[in-house]
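Worksheet for the structure shown next.
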Amino acid sequence: MIAERMKELVKGSSVIRAMFEEGKNMAALYGAENVYDFSLGNPSVEPPKEIANAIKAVLDTEKPGFVHGYMNNAGYEEVRQAIAYSLNKRFGTSFGQKNILMTVGAAGGLNVILKTILDPGDEVVTFAPYFGEYRNYVANFGGKLVAVKPDTATFQPDLAELEKVLNKATKAVIINTPNNPTGVVYSKETLENLAKVLESAEKRFGTSIYLVSDEPYRELVYDGVEVPYVTKFYHNAVVGYSFSKSLSLPGERIGYLVIPDTLDDAEEVINAANVANRILGFVNAPSLMQLAVAKCLDAKVNVDAYDKNRKLLYGTLTKLGFECVKPDGAFYLFMKCPIEDDKEFAARAKKYNLLLVPGSSFGCAGFVRIAYCVDHAMIERSLPAFEKLAKEFGL
Ligand code: PLP
């Protein structure tokens with residue numbers, strides 16, 4: 001018999017993954033080339049060749065007993081040092097190896113930092129639309145997720161609304177830029193203003209409010225858009241990074257947390273996060289992948305392939321009369337439904353073999369998410385289906 005609490009979680013478990021399964025069933029039924037599955041954020045671009053070379057080099061050249069063993073729960077010192085050095089070079093920060101904790105992807109990192117800081121009943125604020133798993137990650141530690149209403153004209157964070165929900169119980173704010181599902185990137189001004197709101201709330205309540213920046217899409221940006229480094233703007237900022245999307249390695253489960261010295265109780269947080277990584281059962285991030293990514297910190301996936309998809313989809317959908325904010329990063333389009341009910345709209349899209357995720361999965365009804373990390377040819381084949389869908393709704 002499974003736990004009562006788990007029953008609820010299973011019931012509410014990701015619509016997106018259910019759609020992925022459905023996509024496979026539909027492909028078996030109609031033929032894979034006739035199904036247009038835009039449901040999952042699984043990178044379609046291959047990892048850069050440096051990765052395979054780095055894995056081989058690690059296996060060929062590292063000293064015996066080093067590659068496959070346990071290590072410090074935070075990860076190999078030399079890997080953390082290499083990451084700190086790379087960040088400092090790129091962003092003018094001054095991290096040392098002690099500020100870097102290697103994690104099992106962004107998901108692992110978020111769970112580690114939330115376990116580190118949350119007491120039961122603490123509130124964690126995020127901005128709708130948001131990655132649906134945040135709700136589960138916060139609940140894992142007895143916290144409560146509070147979503148700030150979306151500004152659907154821009155999908156930039158609504159700081160006036162944020163101010164209204166902050167209170168003495170607010171322990172953290174999670175942001176995600178570039179954003180899943182909107183593709184929006186937060187500007188320097190936005191981060192500066194966000195920092196001001198949080199600093200003033202910290203003073204008002206006499207508390208620490210940690211800003212957790214979830215950044216698996218940091219490297220996936222278009223038209224030269226800059227993604228400012230948040231620790232420069234706010235003293236209590238923690239960054240969660242992942243190589244899942246930046247190097248197309250989601251199955252390898254590798255990422256890191258940056259916990260700067262400027263944090264309130266930094267030393268204690270760093271030590272506790274180390275323990276959290278162990279006792280959550282991760283123990284440490286996968287050793288071979290730690291050593292491999294440390295050799296590939298300047299490697300890049302072919303972002304141009306995503307950009308080509310973005311241009312074709314955004315251009316076509318807006319021409320057909322659909323509305324969406326042009327994404328600056330990540331690999332998602334968040335399209336407004338021509339009717340209020342996003343689930344109904346997604347169900348009607350399915351009649352044309354289009355698999356789109358209802359916005360309500362991201363706490364933002366009335367929209368659908370289209371993941372364009374797919375084969376370009378599939379997008380081309382899908383366009384007549386989108387055209388039929390537009391016609392059905394009188395666009
Ligand atoms: N955060 C966001 C916003 C995501 O979109 C994802 C994955 O899609 C994750 C975290 C989890 O990523 P990872 O594979 O690094 O655990």
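Chain labels follow the order of the structure tokens: the first chain is A, the next B, and so on; residue numbering restarts at 1 in every chain, and ligands are counted from 1 in their shown order.
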Point to revise | Neighbourhood of ligand 1 at 9 Å, counting only C-alpha atoms and all ligand atoms, reported as a PyMOL selection string | key: chain A and resi 40-42+103-110+130-134+175-181+214-217+240-245+249-255+330
Review point. Among stretch 212-380 of chain A, which residues carry a DSSP assignment of strand (DSSP E or B), reported as an MDAnalysis selection string?
Key: chainID A and resid 212:215 221 237:242 255:258 323:324 329 332:336 354:355 357:358 367:371
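The residue that comes closest to A:Asp264, out of A:Thr207, A:Leu320, A:Lys300, A:Gly183 and on the basis of only C-alpha atoms, is A:Thr207.
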Check your understanding: A:Pro150: which residues within 12 Å, counting only C-alpha atoms, same-chain residues fewer than 4 positions away excluded, as number ranges by chain?
Key -> A: 126-130, 154-162, 182, 359, 362-367
Show me, as a compact mmCIF listing (two decimals) with C-alpha atoms, in the first residue's frame, the residues that have an atom within 12 Å of A:Asn302 when counting only C-alpha atoms, minus same-chain residues fewer than 6 positions from it.
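Writing the result to out05.txt gives the following:
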# COMPACT_ATOMS: atom_id res chain seq x y z
CA PRO A 43 16.75 18.48 -26.55
CA SER A 44 16.76 17.43 -30.21
CA VAL A 45 20.23 18.85 -30.88
CA GLU A 46 23.06 16.36 -30.29
CA PRO A 47 25.58 17.03 -27.50
CA PRO A 48 28.73 18.74 -28.81
CA LYS A 49 31.41 16.23 -29.85
CA GLU A 219 23.07 29.20 -22.74
CA LEU A 220 20.03 28.92 -25.05
CA VAL A 221 19.43 32.50 -26.14
CA TYR A 222 18.84 34.15 -29.50
CA LYS A 245 19.86 21.57 -22.01
CA SER A 246 23.07 23.58 -22.43
CA LEU A 247 24.99 20.47 -23.52
CA SER A 248 21.96 18.26 -24.39
CA LYS A 308 15.67 28.15 -36.99
CA CYS A 373 13.35 21.33 -29.42
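Selecting alpha helix (DSSP H) from the backbone DSSP output for stretch 125-158 of chain A yields A:Glu133, A:Tyr134, A:Arg135, A:Asn136, A:Tyr137, A:Val138, A:Ala139.
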Exercise for review: Rank nothing, just name the residue among A:Lys336, A:Gly394, A:Val227, A:Asn136 nearest to A:Val10, using only C-alpha atoms.
Suggested key: A:Asn136
